[in-house]
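Dumped upload19.txt below, it's compact mmCIF, N, CA and C atoms:
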# COMPACT_ATOMS: atom_id res chain seq x y z
N MET A 1 53.74 113.99 71.63
CA MET A 1 54.37 112.71 71.34
C MET A 1 53.47 111.96 70.35
N LEU A 2 54.06 111.45 69.29
CA LEU A 2 53.35 110.67 68.29
C LEU A 2 53.46 109.20 68.63
N LEU A 3 52.32 108.54 68.80
CA LEU A 3 52.30 107.11 69.05
C LEU A 3 51.89 106.39 67.77
N ARG A 4 52.60 105.32 67.46
CA ARG A 4 52.28 104.49 66.31
C ARG A 4 51.97 103.09 66.80
N SER A 5 51.23 102.35 65.99
CA SER A 5 50.90 100.97 66.33
C SER A 5 51.94 100.05 65.68
N TYR A 6 52.62 99.26 66.53
CA TYR A 6 53.67 98.35 66.06
C TYR A 6 53.29 96.90 66.39
N LEU A 7 53.73 95.99 65.54
CA LEU A 7 53.57 94.58 65.83
C LEU A 7 54.31 94.26 67.13
N ALA A 8 53.61 93.62 68.06
CA ALA A 8 54.22 93.26 69.34
C ALA A 8 54.54 91.77 69.41
N ALA A 9 53.65 90.94 68.86
CA ALA A 9 53.84 89.49 68.93
C ALA A 9 53.09 88.83 67.78
N LYS A 10 53.58 87.67 67.36
CA LYS A 10 52.93 86.94 66.28
C LYS A 10 53.09 85.45 66.47
N LEU A 11 51.99 84.72 66.31
CA LEU A 11 52.01 83.26 66.21
C LEU A 11 51.89 82.96 64.73
N HIS A 12 52.93 82.41 64.15
CA HIS A 12 52.98 82.22 62.70
C HIS A 12 52.77 80.76 62.35
N GLY A 13 51.68 80.47 61.62
CA GLY A 13 51.46 79.12 61.12
C GLY A 13 50.66 78.22 62.03
N ILE A 14 50.02 78.76 63.05
CA ILE A 14 49.23 77.93 63.95
C ILE A 14 48.02 77.40 63.19
N ARG A 15 47.66 76.16 63.48
CA ARG A 15 46.53 75.53 62.78
C ARG A 15 45.30 75.48 63.68
N VAL A 16 44.14 75.68 63.08
CA VAL A 16 42.87 75.61 63.79
C VAL A 16 42.63 74.16 64.19
N THR A 17 42.39 73.94 65.49
CA THR A 17 42.16 72.59 66.00
C THR A 17 40.68 72.31 66.30
N ASP A 18 39.87 73.37 66.44
CA ASP A 18 38.47 73.18 66.79
C ASP A 18 37.70 74.46 66.48
N LYS A 19 36.38 74.32 66.37
CA LYS A 19 35.47 75.44 66.15
C LYS A 19 34.25 75.23 67.02
N ASN A 20 33.70 76.33 67.56
CA ASN A 20 32.49 76.23 68.37
C ASN A 20 31.64 77.46 68.09
N LEU A 21 30.75 77.33 67.13
CA LEU A 21 29.92 78.45 66.70
C LEU A 21 29.05 79.01 67.82
N HIS A 22 28.61 78.17 68.73
CA HIS A 22 27.65 78.60 69.74
C HIS A 22 28.30 79.08 71.04
N TYR A 23 29.60 79.30 71.02
CA TYR A 23 30.29 79.89 72.16
C TYR A 23 30.12 81.40 72.08
N VAL A 24 30.27 82.10 73.17
CA VAL A 24 30.06 83.54 73.21
C VAL A 24 30.99 84.26 72.22
N GLY A 25 32.20 83.80 72.06
CA GLY A 25 33.11 84.42 71.09
C GLY A 25 34.52 84.49 71.60
N SER A 26 35.48 84.40 70.72
CA SER A 26 36.89 84.57 71.05
C SER A 26 37.75 83.53 70.34
N LEU A 27 39.04 83.57 70.65
CA LEU A 27 40.02 82.61 70.16
C LEU A 27 40.62 81.91 71.37
N SER A 28 40.44 80.60 71.45
CA SER A 28 41.03 79.84 72.55
C SER A 28 42.42 79.38 72.12
N LEU A 29 43.44 79.72 72.93
CA LEU A 29 44.82 79.33 72.65
C LEU A 29 45.41 78.59 73.84
N GLY A 30 46.20 77.55 73.55
CA GLY A 30 46.92 76.84 74.59
C GLY A 30 47.85 77.80 75.33
N ARG A 31 47.96 77.58 76.63
CA ARG A 31 48.76 78.45 77.49
C ARG A 31 50.22 78.59 77.01
N GLU A 32 50.78 77.52 76.41
CA GLU A 32 52.17 77.57 75.96
C GLU A 32 52.37 78.62 74.87
N PHE A 33 51.35 78.87 74.06
CA PHE A 33 51.47 79.88 73.01
C PHE A 33 51.51 81.28 73.61
N LEU A 34 50.74 81.50 74.68
CA LEU A 34 50.76 82.80 75.35
C LEU A 34 52.11 83.03 76.02
N ARG A 35 52.62 82.01 76.70
CA ARG A 35 53.93 82.16 77.37
C ARG A 35 55.02 82.48 76.35
N ALA A 36 55.03 81.78 75.23
CA ALA A 36 56.10 81.97 74.24
C ALA A 36 56.02 83.32 73.54
N SER A 37 54.81 83.82 73.33
CA SER A 37 54.63 85.05 72.56
C SER A 37 54.54 86.31 73.41
N GLY A 38 54.18 86.16 74.68
CA GLY A 38 53.94 87.32 75.53
C GLY A 38 52.52 87.84 75.41
N MET A 39 51.68 87.17 74.64
CA MET A 39 50.26 87.55 74.55
C MET A 39 49.58 87.22 75.88
N VAL A 40 48.45 87.89 76.16
CA VAL A 40 47.76 87.66 77.42
C VAL A 40 46.27 87.45 77.19
N GLU A 41 45.65 86.77 78.16
CA GLU A 41 44.21 86.52 78.07
C GLU A 41 43.45 87.83 77.97
N HIS A 42 42.43 87.85 77.14
CA HIS A 42 41.53 88.98 76.87
C HIS A 42 42.17 90.04 75.98
N GLU A 43 43.40 89.84 75.54
CA GLU A 43 44.04 90.79 74.64
C GLU A 43 43.42 90.68 73.25
N GLU A 44 43.26 91.83 72.59
CA GLU A 44 42.76 91.84 71.22
C GLU A 44 43.81 91.26 70.29
N VAL A 45 43.35 90.46 69.33
CA VAL A 45 44.24 89.89 68.32
C VAL A 45 43.65 90.13 66.93
N GLN A 46 44.55 90.33 65.99
CA GLN A 46 44.18 90.34 64.58
C GLN A 46 44.61 89.01 64.01
N ILE A 47 43.73 88.40 63.23
CA ILE A 47 43.99 87.07 62.70
C ILE A 47 43.92 87.11 61.18
N VAL A 48 44.88 86.46 60.55
CA VAL A 48 44.86 86.25 59.11
C VAL A 48 44.76 84.76 58.87
N ASN A 49 43.76 84.35 58.12
CA ASN A 49 43.64 82.95 57.73
C ASN A 49 44.45 82.81 56.45
N VAL A 50 45.63 82.22 56.55
CA VAL A 50 46.52 82.07 55.40
C VAL A 50 45.88 81.18 54.34
N THR A 51 45.07 80.24 54.76
CA THR A 51 44.44 79.29 53.84
C THR A 51 43.41 79.98 52.95
N THR A 52 42.60 80.90 53.52
CA THR A 52 41.52 81.52 52.75
C THR A 52 41.73 83.01 52.46
N GLY A 53 42.59 83.66 53.21
CA GLY A 53 42.78 85.10 53.06
C GLY A 53 41.89 85.93 53.96
N ALA A 54 40.99 85.31 54.70
CA ALA A 54 40.11 86.06 55.62
C ALA A 54 40.94 86.75 56.69
N ARG A 55 40.51 87.94 57.09
CA ARG A 55 41.15 88.70 58.17
C ARG A 55 40.07 89.12 59.14
N PHE A 56 40.34 88.99 60.45
CA PHE A 56 39.34 89.37 61.44
C PHE A 56 40.01 89.66 62.78
N THR A 57 39.24 90.26 63.67
CA THR A 57 39.71 90.65 65.00
C THR A 57 38.84 89.99 66.05
N THR A 58 39.47 89.51 67.13
CA THR A 58 38.75 88.95 68.27
C THR A 58 39.65 89.12 69.50
N TYR A 59 39.46 88.30 70.52
CA TYR A 59 40.29 88.38 71.72
C TYR A 59 40.63 86.97 72.17
N ILE A 60 41.64 86.87 73.04
CA ILE A 60 42.18 85.58 73.49
C ILE A 60 41.51 85.13 74.78
N ILE A 61 41.23 83.82 74.84
CA ILE A 61 40.97 83.17 76.12
C ILE A 61 41.92 81.97 76.21
N VAL A 62 42.25 81.59 77.42
CA VAL A 62 43.22 80.51 77.63
C VAL A 62 42.53 79.16 77.55
N ALA A 63 43.17 78.24 76.81
CA ALA A 63 42.73 76.85 76.76
C ALA A 63 43.74 76.02 77.53
N GLU A 64 43.28 75.12 78.36
CA GLU A 64 44.20 74.31 79.16
C GLU A 64 44.83 73.17 78.36
N GLU A 65 44.19 72.76 77.27
CA GLU A 65 44.71 71.67 76.44
C GLU A 65 45.85 72.20 75.57
N PRO A 66 47.08 71.66 75.71
CA PRO A 66 48.21 72.11 74.89
C PRO A 66 47.91 71.94 73.40
N GLY A 67 48.39 72.90 72.61
CA GLY A 67 48.24 72.84 71.16
C GLY A 67 46.92 73.37 70.65
N THR A 68 46.05 73.84 71.56
CA THR A 68 44.72 74.30 71.16
C THR A 68 44.77 75.63 70.43
N CYS A 69 44.01 75.69 69.34
CA CYS A 69 43.72 76.93 68.63
C CYS A 69 42.29 76.79 68.13
N ALA A 70 41.34 77.25 68.92
CA ALA A 70 39.92 77.06 68.61
C ALA A 70 39.24 78.40 68.37
N LEU A 71 38.49 78.47 67.29
CA LEU A 71 37.71 79.66 66.98
C LEU A 71 36.31 79.49 67.54
N ASN A 72 35.83 80.52 68.20
CA ASN A 72 34.54 80.47 68.88
C ASN A 72 33.63 81.58 68.37
N GLY A 73 32.32 81.37 68.50
CA GLY A 73 31.35 82.38 68.10
C GLY A 73 31.41 82.62 66.59
N GLY A 74 31.12 83.84 66.19
CA GLY A 74 31.09 84.18 64.78
C GLY A 74 32.40 83.92 64.05
N ALA A 75 33.52 84.03 64.76
CA ALA A 75 34.83 83.78 64.13
C ALA A 75 34.95 82.34 63.63
N ALA A 76 34.15 81.43 64.21
CA ALA A 76 34.20 80.03 63.79
C ALA A 76 33.76 79.86 62.34
N ARG A 77 33.06 80.85 61.79
CA ARG A 77 32.64 80.79 60.39
C ARG A 77 33.76 81.20 59.43
N LEU A 78 34.86 81.70 59.97
CA LEU A 78 35.91 82.27 59.12
C LEU A 78 37.10 81.35 58.89
N ALA A 79 37.02 80.11 59.39
CA ALA A 79 38.11 79.15 59.17
C ALA A 79 37.57 77.75 59.39
N GLU A 80 38.30 76.80 58.86
CA GLU A 80 37.98 75.38 59.05
C GLU A 80 39.09 74.73 59.87
N VAL A 81 38.79 73.64 60.54
CA VAL A 81 39.81 72.89 61.26
C VAL A 81 40.91 72.52 60.26
N GLY A 82 42.14 72.78 60.63
CA GLY A 82 43.29 72.52 59.76
C GLY A 82 43.80 73.75 59.05
N ASP A 83 42.99 74.82 58.94
CA ASP A 83 43.48 76.05 58.30
C ASP A 83 44.66 76.61 59.09
N ARG A 84 45.60 77.19 58.36
CA ARG A 84 46.78 77.80 58.98
C ARG A 84 46.50 79.29 59.19
N LEU A 85 46.78 79.78 60.41
CA LEU A 85 46.53 81.17 60.78
C LEU A 85 47.81 81.90 61.16
N ILE A 86 47.75 83.22 61.08
CA ILE A 86 48.73 84.11 61.71
C ILE A 86 47.94 84.93 62.72
N VAL A 87 48.37 84.90 63.98
CA VAL A 87 47.69 85.61 65.06
C VAL A 87 48.65 86.70 65.53
N MET A 88 48.18 87.96 65.53
CA MET A 88 49.06 89.09 65.85
C MET A 88 48.47 90.01 66.91
N THR A 89 49.35 90.54 67.75
CA THR A 89 48.99 91.62 68.66
C THR A 89 49.85 92.83 68.31
N PHE A 90 49.32 94.00 68.66
CA PHE A 90 50.01 95.25 68.37
C PHE A 90 50.06 96.10 69.63
N ALA A 91 51.00 97.02 69.69
CA ALA A 91 51.13 97.91 70.84
C ALA A 91 51.45 99.31 70.36
N LEU A 92 50.95 100.30 71.09
CA LEU A 92 51.26 101.69 70.78
C LEU A 92 52.58 102.07 71.44
N SER A 93 53.43 102.75 70.67
CA SER A 93 54.72 103.18 71.20
C SER A 93 55.21 104.39 70.41
N ASP A 94 56.08 105.18 71.03
CA ASP A 94 56.70 106.27 70.28
C ASP A 94 58.03 105.83 69.66
N GLN A 95 58.41 104.58 69.87
CA GLN A 95 59.63 104.00 69.30
C GLN A 95 59.30 102.64 68.68
N PRO A 96 59.97 102.27 67.59
CA PRO A 96 59.74 100.93 67.01
C PRO A 96 59.98 99.83 68.04
N LEU A 97 59.19 98.77 67.93
CA LEU A 97 59.31 97.62 68.82
C LEU A 97 59.94 96.46 68.08
N GLU A 98 60.54 95.56 68.83
CA GLU A 98 61.06 94.33 68.26
C GLU A 98 60.09 93.21 68.64
N PRO A 99 59.23 92.79 67.70
CA PRO A 99 58.19 91.82 68.06
C PRO A 99 58.75 90.45 68.36
N ARG A 100 58.00 89.71 69.17
CA ARG A 100 58.32 88.31 69.46
C ARG A 100 57.54 87.45 68.46
N ILE A 101 58.25 86.68 67.65
CA ILE A 101 57.65 85.86 66.62
C ILE A 101 57.78 84.39 67.02
N VAL A 102 56.66 83.68 67.06
CA VAL A 102 56.64 82.27 67.43
C VAL A 102 56.20 81.47 66.20
N PHE A 103 57.08 80.62 65.71
CA PHE A 103 56.77 79.78 64.56
C PHE A 103 56.20 78.46 65.08
N ILE A 104 55.07 78.06 64.49
CA ILE A 104 54.35 76.87 64.92
C ILE A 104 54.45 75.82 63.81
N ASP A 105 54.73 74.57 64.17
CA ASP A 105 54.85 73.51 63.17
C ASP A 105 53.49 72.90 62.83
N ASP A 106 53.46 71.91 61.96
CA ASP A 106 52.21 71.30 61.50
C ASP A 106 51.46 70.55 62.59
N ARG A 107 52.12 70.24 63.70
CA ARG A 107 51.47 69.54 64.82
C ARG A 107 51.04 70.52 65.93
N ASN A 108 51.10 71.83 65.60
CA ASN A 108 50.78 72.90 66.55
C ASN A 108 51.70 72.87 67.77
N GLN A 109 52.96 72.61 67.51
CA GLN A 109 53.97 72.72 68.55
C GLN A 109 54.92 73.85 68.17
N ILE A 110 55.49 74.48 69.18
CA ILE A 110 56.39 75.60 68.94
C ILE A 110 57.67 75.08 68.30
N GLU A 111 57.97 75.62 67.13
CA GLU A 111 59.16 75.24 66.38
C GLU A 111 60.36 76.10 66.79
N LYS A 112 60.12 77.43 66.82
CA LYS A 112 61.17 78.35 67.27
C LYS A 112 60.55 79.69 67.60
N THR A 113 61.25 80.47 68.41
CA THR A 113 60.83 81.81 68.78
C THR A 113 61.98 82.76 68.47
N THR A 114 61.64 83.89 67.84
CA THR A 114 62.66 84.88 67.51
C THR A 114 62.21 86.25 67.99
N ARG A 115 63.14 87.17 68.02
CA ARG A 115 62.85 88.58 68.28
C ARG A 115 62.99 89.30 66.96
N GLY A 116 61.94 89.93 66.50
CA GLY A 116 61.96 90.63 65.23
C GLY A 116 61.83 89.67 64.07
N GLU A 117 61.52 90.24 62.92
CA GLU A 117 61.41 89.43 61.71
C GLU A 117 62.65 89.70 60.88
N GLN A 118 63.25 88.64 60.41
CA GLN A 118 64.47 88.75 59.62
C GLN A 118 64.14 88.49 58.15
N PRO A 119 64.82 89.17 57.22
CA PRO A 119 64.59 88.87 55.81
C PRO A 119 64.85 87.37 55.58
N GLY A 120 63.95 86.76 54.84
CA GLY A 120 64.11 85.33 54.55
C GLY A 120 63.43 84.43 55.56
N ASP A 121 62.88 84.98 56.69
CA ASP A 121 62.13 84.14 57.62
C ASP A 121 60.93 83.61 56.86
N ARG A 122 60.82 82.30 56.84
CA ARG A 122 59.69 81.68 56.13
C ARG A 122 59.22 80.49 56.93
N HIS A 123 57.99 80.17 56.68
CA HIS A 123 57.42 78.98 57.32
C HIS A 123 56.65 78.26 56.24
N GLY A 124 56.94 77.02 56.05
CA GLY A 124 56.27 76.25 54.99
C GLY A 124 54.79 76.19 55.16
N GLY A 125 54.09 75.97 54.04
CA GLY A 125 52.64 75.83 54.08
C GLY A 125 52.03 76.96 53.43

Once more with this new file: its structure as structure tokens, please.
Amino acid sequence: MLLRSYLAAKLHGIRVTDKNLHYVGSLSLGREFLRASGMVEHEEVQIVNVTTGARFTTYIIVAEEPGTCALNGGAARLAEVGDRLIVMTFALSDQPLEPRIVFIDDRNQIEKTTRGEQPGDRHGG
């Protein structure tokens, strides 16, 4: 059986709300983002900083404060507060997956959630 890596979930357009260089490391996300996307604590994530083009990998920890997207440890050097990110998880499967896409507005609130990406799906910024 051939397994391929498919996009499983994506937070599109989330903005960095805080940075903590001296934390052990990770990405802190508000619980509402995990519920909407299906992502889970300690799951590996790939991050694209849309503002700068930086790409990096870390893992999720839950933040109790709604709207939180905080970069911790070394990842804090890869974005500034206010930068717009795309946060993605992937899963191995022998069949294509239909990812859960969560669009985030400028106030870091969930704008809409879709299954799969449709041609023409865009998010300003």

**Complete:** One residue among A:Ile47, A:Thr114, A:Thr57, A:Lys19 is nearest to Pro99 in chain A when using all atoms listed in the file, and that residue is A:Thr114

**Asked** With distances taken over only N, CA and C atoms, which of A:Arg115, A:Lys10, A:Arg4, A:His22 is nearest to Asn72 in chain A?
**Response** A:His22

**Item:** Surrounding residues of Val48 in chain A excluding itself and chain neighbours under 6 positions, 7 Å, only C-alpha atoms, as a ChimeraX atom specification
**Value:** /A:54-56,85-87

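Within chain A, the backbone-based DSSP assignment of helix (DSSP H, G or I) covers Arg31, Glu32, Phe33, Leu34, Arg35, Ala36, Ser37, Gly73, Gly74, Ala75, Ala76, Arg77 and Leu78 of chain A.
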
**Message:** One decimal, in Å: what's the spacing between CA of Asp105 in chain A and CA of Ser5 in chain A?
**Reply:** 27.9 Å

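Distance annotation: of A:Ile14, A:Gly53, A:Gly67, A:Ile61, the residue with the minimal separation from Glu41 in chain A is A:Ile61; atom set is all atoms listed in the file.
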
**Message:** For a quick check of your reading of the model, name the residues lying within 6 Å of the coordinate (28.8, 77.8, 64.6), counting all atoms listed in the file, and write them as a VMD selection string.
**Reply:** chain A and resid 20 to 22 73 76 to 77

**Complete:** Counting all atoms listed in the file, the residue among A:Leu97, A:Val102, A:Ala9, A:Met88 that lies closest to Gln46 in chain A is A:Met88

Determine which residues of chain A DSSP labels as strand (DSSP E or B) from the backbone of this structure, then write them out as an mmCIF file with N, CA and C atoms, keeping the file's coordinate frame.
data_model
loop_
_atom_site.group_PDB
_atom_site.id
_atom_site.type_symbol
_atom_site.label_atom_id
_atom_site.label_comp_id
_atom_site.auth_asym_id
_atom_site.auth_seq_id
_atom_site.Cartn_x
_atom_site.Cartn_y
_atom_site.Cartn_z
ATOM 1 N N ARG A 4 52.600 105.320 67.460
ATOM 2 C CA ARG A 4 52.280 104.490 66.310
ATOM 3 C C ARG A 4 51.970 103.090 66.800
ATOM 4 N N SER A 5 51.230 102.350 65.990
ATOM 5 C CA SER A 5 50.900 100.970 66.330
ATOM 6 C C SER A 5 51.940 100.050 65.680
ATOM 7 N N TYR A 6 52.620 99.260 66.530
ATOM 8 C CA TYR A 6 53.670 98.350 66.060
ATOM 9 C C TYR A 6 53.290 96.900 66.390
ATOM 10 N N LEU A 7 53.730 95.990 65.540
ATOM 11 C CA LEU A 7 53.570 94.580 65.830
ATOM 12 C C LEU A 7 54.310 94.260 67.130
ATOM 13 N N ALA A 8 53.610 93.620 68.060
ATOM 14 C CA ALA A 8 54.220 93.260 69.340
ATOM 15 C C ALA A 8 54.540 91.770 69.410
ATOM 16 N N ALA A 9 53.650 90.940 68.860
ATOM 17 C CA ALA A 9 53.840 89.490 68.930
ATOM 18 C C ALA A 9 53.090 88.830 67.780
ATOM 19 N N LYS A 10 53.580 87.670 67.360
ATOM 20 C CA LYS A 10 52.930 86.940 66.280
ATOM 21 C C LYS A 10 53.090 85.450 66.470
ATOM 22 N N LEU A 11 51.990 84.720 66.310
ATOM 23 C CA LEU A 11 52.010 83.260 66.210
ATOM 24 C C LEU A 11 51.890 82.960 64.730
ATOM 25 N N HIS A 12 52.930 82.410 64.150
ATOM 26 C CA HIS A 12 52.980 82.220 62.700
ATOM 27 C C HIS A 12 52.770 80.760 62.350
ATOM 28 N N GLY A 13 51.680 80.470 61.620
ATOM 29 C CA GLY A 13 51.460 79.120 61.120
ATOM 30 C C GLY A 13 50.660 78.220 62.030
ATOM 31 N N ILE A 14 50.020 78.760 63.050
ATOM 32 C CA ILE A 14 49.230 77.930 63.950
ATOM 33 C C ILE A 14 48.020 77.400 63.190
ATOM 34 N N ARG A 15 47.660 76.160 63.480
ATOM 35 C CA ARG A 15 46.530 75.530 62.780
ATOM 36 C C ARG A 15 45.300 75.480 63.680
ATOM 37 N N ASP A 18 39.870 73.370 66.440
ATOM 38 C CA ASP A 18 38.470 73.180 66.790
ATOM 39 C C ASP A 18 37.700 74.460 66.480
ATOM 40 N N LYS A 19 36.380 74.320 66.370
ATOM 41 C CA LYS A 19 35.470 75.440 66.150
ATOM 42 C C LYS A 19 34.250 75.230 67.020
ATOM 43 N N ASN A 20 33.700 76.330 67.560
ATOM 44 C CA ASN A 20 32.490 76.230 68.370
ATOM 45 C C ASN A 20 31.640 77.460 68.090
ATOM 46 N N SER A 26 35.480 84.400 70.720
ATOM 47 C CA SER A 26 36.890 84.570 71.050
ATOM 48 C C SER A 26 37.750 83.530 70.340
ATOM 49 N N LEU A 27 39.040 83.570 70.650
ATOM 50 C CA LEU A 27 40.020 82.610 70.160
ATOM 51 C C LEU A 27 40.620 81.910 71.370
ATOM 52 N N SER A 28 40.440 80.600 71.450
ATOM 53 C CA SER A 28 41.030 79.840 72.550
ATOM 54 C C SER A 28 42.420 79.380 72.120
ATOM 55 N N LEU A 29 43.440 79.720 72.930
ATOM 56 C CA LEU A 29 44.820 79.330 72.650
ATOM 57 C C LEU A 29 45.410 78.590 73.840
ATOM 58 N N GLY A 30 46.200 77.550 73.550
ATOM 59 C CA GLY A 30 46.920 76.840 74.590
ATOM 60 C C GLY A 30 47.850 77.800 75.330
ATOM 61 N N GLU A 44 43.260 91.830 72.590
ATOM 62 C CA GLU A 44 42.760 91.840 71.220
ATOM 63 C C GLU A 44 43.810 91.260 70.290
ATOM 64 N N VAL A 45 43.350 90.460 69.330
ATOM 65 C CA VAL A 45 44.240 89.890 68.320
ATOM 66 C C VAL A 45 43.650 90.130 66.930
ATOM 67 N N GLN A 46 44.550 90.330 65.990
ATOM 68 C CA GLN A 46 44.180 90.340 64.580
ATOM 69 C C GLN A 46 44.610 89.010 64.010
ATOM 70 N N ILE A 47 43.730 88.400 63.230
ATOM 71 C CA ILE A 47 43.990 87.070 62.700
ATOM 72 C C ILE A 47 43.920 87.110 61.180
ATOM 73 N N VAL A 48 44.880 86.460 60.550
ATOM 74 C CA VAL A 48 44.860 86.250 59.110
ATOM 75 C C VAL A 48 44.760 84.760 58.870
ATOM 76 N N ASN A 49 43.760 84.350 58.120
ATOM 77 C CA ASN A 49 43.640 82.950 57.730
ATOM 78 C C ASN A 49 44.450 82.810 56.450
ATOM 79 N N ARG A 55 40.510 87.940 57.090
ATOM 80 C CA ARG A 55 41.150 88.700 58.170
ATOM 81 C C ARG A 55 40.070 89.120 59.140
ATOM 82 N N PHE A 56 40.340 88.990 60.450
ATOM 83 C CA PHE A 56 39.340 89.370 61.440
ATOM 84 C C PHE A 56 40.010 89.660 62.780
ATOM 85 N N THR A 57 39.240 90.260 63.670
ATOM 86 C CA THR A 57 39.710 90.650 65.000
ATOM 87 C C THR A 57 38.840 89.990 66.050
ATOM 88 N N THR A 58 39.470 89.510 67.130
ATOM 89 C CA THR A 58 38.750 88.950 68.270
ATOM 90 C C THR A 58 39.650 89.120 69.500
ATOM 91 N N TYR A 59 39.460 88.300 70.520
ATOM 92 C CA TYR A 59 40.290 88.380 71.720
ATOM 93 C C TYR A 59 40.630 86.970 72.170
ATOM 94 N N ILE A 60 41.640 86.870 73.040
ATOM 95 C CA ILE A 60 42.180 85.580 73.490
ATOM 96 C C ILE A 60 41.510 85.130 74.780
ATOM 97 N N ILE A 61 41.230 83.820 74.840
ATOM 98 C CA ILE A 61 40.970 83.170 76.120
ATOM 99 C C ILE A 61 41.920 81.970 76.210
ATOM 100 N N VAL A 62 42.250 81.590 77.420
ATOM 101 C CA VAL A 62 43.220 80.510 77.630
ATOM 102 C C VAL A 62 42.530 79.160 77.550
ATOM 103 N N ALA A 63 43.170 78.240 76.810
ATOM 104 C CA ALA A 63 42.730 76.850 76.760
ATOM 105 C C ALA A 63 43.740 76.020 77.530
ATOM 106 N N CYS A 69 44.010 75.690 69.340
ATOM 107 C CA CYS A 69 43.720 76.930 68.630
ATOM 108 C C CYS A 69 42.290 76.790 68.130
ATOM 109 N N ALA A 70 41.340 77.250 68.920
ATOM 110 C CA ALA A 70 39.920 77.060 68.610
ATOM 111 C C ALA A 70 39.240 78.400 68.370
ATOM 112 N N LEU A 71 38.490 78.470 67.290
ATOM 113 C CA LEU A 71 37.710 79.660 66.980
ATOM 114 C C LEU A 71 36.310 79.490 67.540
ATOM 115 N N ASN A 72 35.830 80.520 68.200
ATOM 116 C CA ASN A 72 34.540 80.470 68.880
ATOM 117 C C ASN A 72 33.630 81.580 68.370
ATOM 118 N N ARG A 84 45.600 77.190 58.360
ATOM 119 C CA ARG A 84 46.780 77.800 58.980
ATOM 120 C C ARG A 84 46.500 79.290 59.190
ATOM 121 N N LEU A 85 46.780 79.780 60.410
ATOM 122 C CA LEU A 85 46.530 81.170 60.780
ATOM 123 C C LEU A 85 47.810 81.900 61.160
ATOM 124 N N ILE A 86 47.750 83.220 61.080
ATOM 125 C CA ILE A 86 48.730 84.110 61.710
ATOM 126 C C ILE A 86 47.940 84.930 62.720
ATOM 127 N N VAL A 87 48.370 84.900 63.980
ATOM 128 C CA VAL A 87 47.690 85.610 65.060
ATOM 129 C C VAL A 87 48.650 86.700 65.530
ATOM 130 N N MET A 88 48.180 87.960 65.530
ATOM 131 C CA MET A 88 49.060 89.090 65.850
ATOM 132 C C MET A 88 48.470 90.010 66.910
ATOM 133 N N THR A 89 49.350 90.540 67.750
ATOM 134 C CA THR A 89 48.990 91.620 68.660
ATOM 135 C C THR A 89 49.850 92.830 68.310
ATOM 136 N N PHE A 90 49.320 94.000 68.660
ATOM 137 C CA PHE A 90 50.010 95.250 68.370
ATOM 138 C C PHE A 90 50.060 96.100 69.630
ATOM 139 N N ALA A 91 51.000 97.020 69.690
ATOM 140 C CA ALA A 91 51.130 97.910 70.840
ATOM 141 C C ALA A 91 51.450 99.310 70.360
ATOM 142 N N LEU A 92 50.950 100.300 71.090
ATOM 143 C CA LEU A 92 51.260 101.690 70.780
ATOM 144 C C LEU A 92 52.580 102.070 71.440
ATOM 145 N N SER A 93 53.430 102.750 70.670
ATOM 146 C CA SER A 93 54.720 103.180 71.200
ATOM 147 C C SER A 93 55.210 104.390 70.410
ATOM 148 N N ARG A 100 58.000 89.710 69.170
ATOM 149 C CA ARG A 100 58.320 88.310 69.460
ATOM 150 C C ARG A 100 57.540 87.450 68.460
ATOM 151 N N ILE A 101 58.250 86.680 67.650
ATOM 152 C CA ILE A 101 57.650 85.860 66.620
ATOM 153 C C ILE A 101 57.780 84.390 67.020
ATOM 154 N N VAL A 102 56.660 83.680 67.060
ATOM 155 C CA VAL A 102 56.640 82.270 67.430
ATOM 156 C C VAL A 102 56.200 81.470 66.200
ATOM 157 N N PHE A 103 57.080 80.620 65.710
ATOM 158 C CA PHE A 103 56.770 79.780 64.560
ATOM 159 C C PHE A 103 56.200 78.460 65.080
ATOM 160 N N ILE A 104 55.070 78.060 64.490
ATOM 161 C CA ILE A 104 54.350 76.870 64.920
ATOM 162 C C ILE A 104 54.450 75.820 63.810
ATOM 163 N N ILE A 110 55.490 74.480 69.180
ATOM 164 C CA ILE A 110 56.390 75.600 68.940
ATOM 165 C C ILE A 110 57.670 75.080 68.300
ATOM 166 N N GLU A 111 57.970 75.620 67.130
ATOM 167 C CA GLU A 111 59.160 75.240 66.380
ATOM 168 C C GLU A 111 60.360 76.100 66.790
ATOM 169 N N LYS A 112 60.120 77.430 66.820
ATOM 170 C CA LYS A 112 61.170 78.350 67.270
ATOM 171 C C LYS A 112 60.550 79.690 67.600
ATOM 172 N N THR A 113 61.250 80.470 68.410
ATOM 173 C CA THR A 113 60.830 81.810 68.780
ATOM 174 C C THR A 113 61.980 82.760 68.470
ATOM 175 N N THR A 114 61.640 83.890 67.840
ATOM 176 C CA THR A 114 62.660 84.880 67.510
ATOM 177 C C THR A 114 62.210 86.250 67.990
ATOM 178 N N ARG A 115 63.140 87.170 68.020
ATOM 179 C CA ARG A 115 62.850 88.580 68.280
ATOM 180 C C ARG A 115 62.990 89.300 66.960
#

**Request:** Compute the distance from (45.3, 78.4, 79.8) to each atom, counting only N, CA and C atoms, keep the residues with any atom at most 7 Å away, and return them as a PyMOL selection string; use the coordinates of the file.
**Result:** chain A and resi 29-32+61-65

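Across the model, the gap from CA of Ser26 in chain A to atom N of Ala70 in chain A is 8.8 Å.
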
**Item:** Which residue of A:Val81, A:Ala75, A:Ser93, A:Ala36 approaches Met1 in chain A most closely, using only C-alpha atoms
**Value:**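 The shortest atom-to-atom distance to Met1 in chain A comes from A:Ser93.
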
**Asked** CA of Glu44 in chain A to CA of Phe90 in chain A: how many Å, to one decimal?
**Response**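 CA of Phe90 in chain A lies at a distance of 8.5 Å from CA of Glu44 in chain A.
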
**Message:** Env of Leu92 in chain A: 8 Å cut, atoms = all atoms listed in the file, seq-sep filter 2 positions within chain, self excluded. Answer as a PyMOL selection string.
**Reply:** chain A and resi 2-8+90+94-95

**Asked** Pick from A:Asp18, A:Ser37, A:Val24, A:Leu78: nearest to Ile104 in chain A, with only C-alpha atoms counted?
**Response**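 Smallest separation from Ile104 in chain A among the options: A:Ser37.
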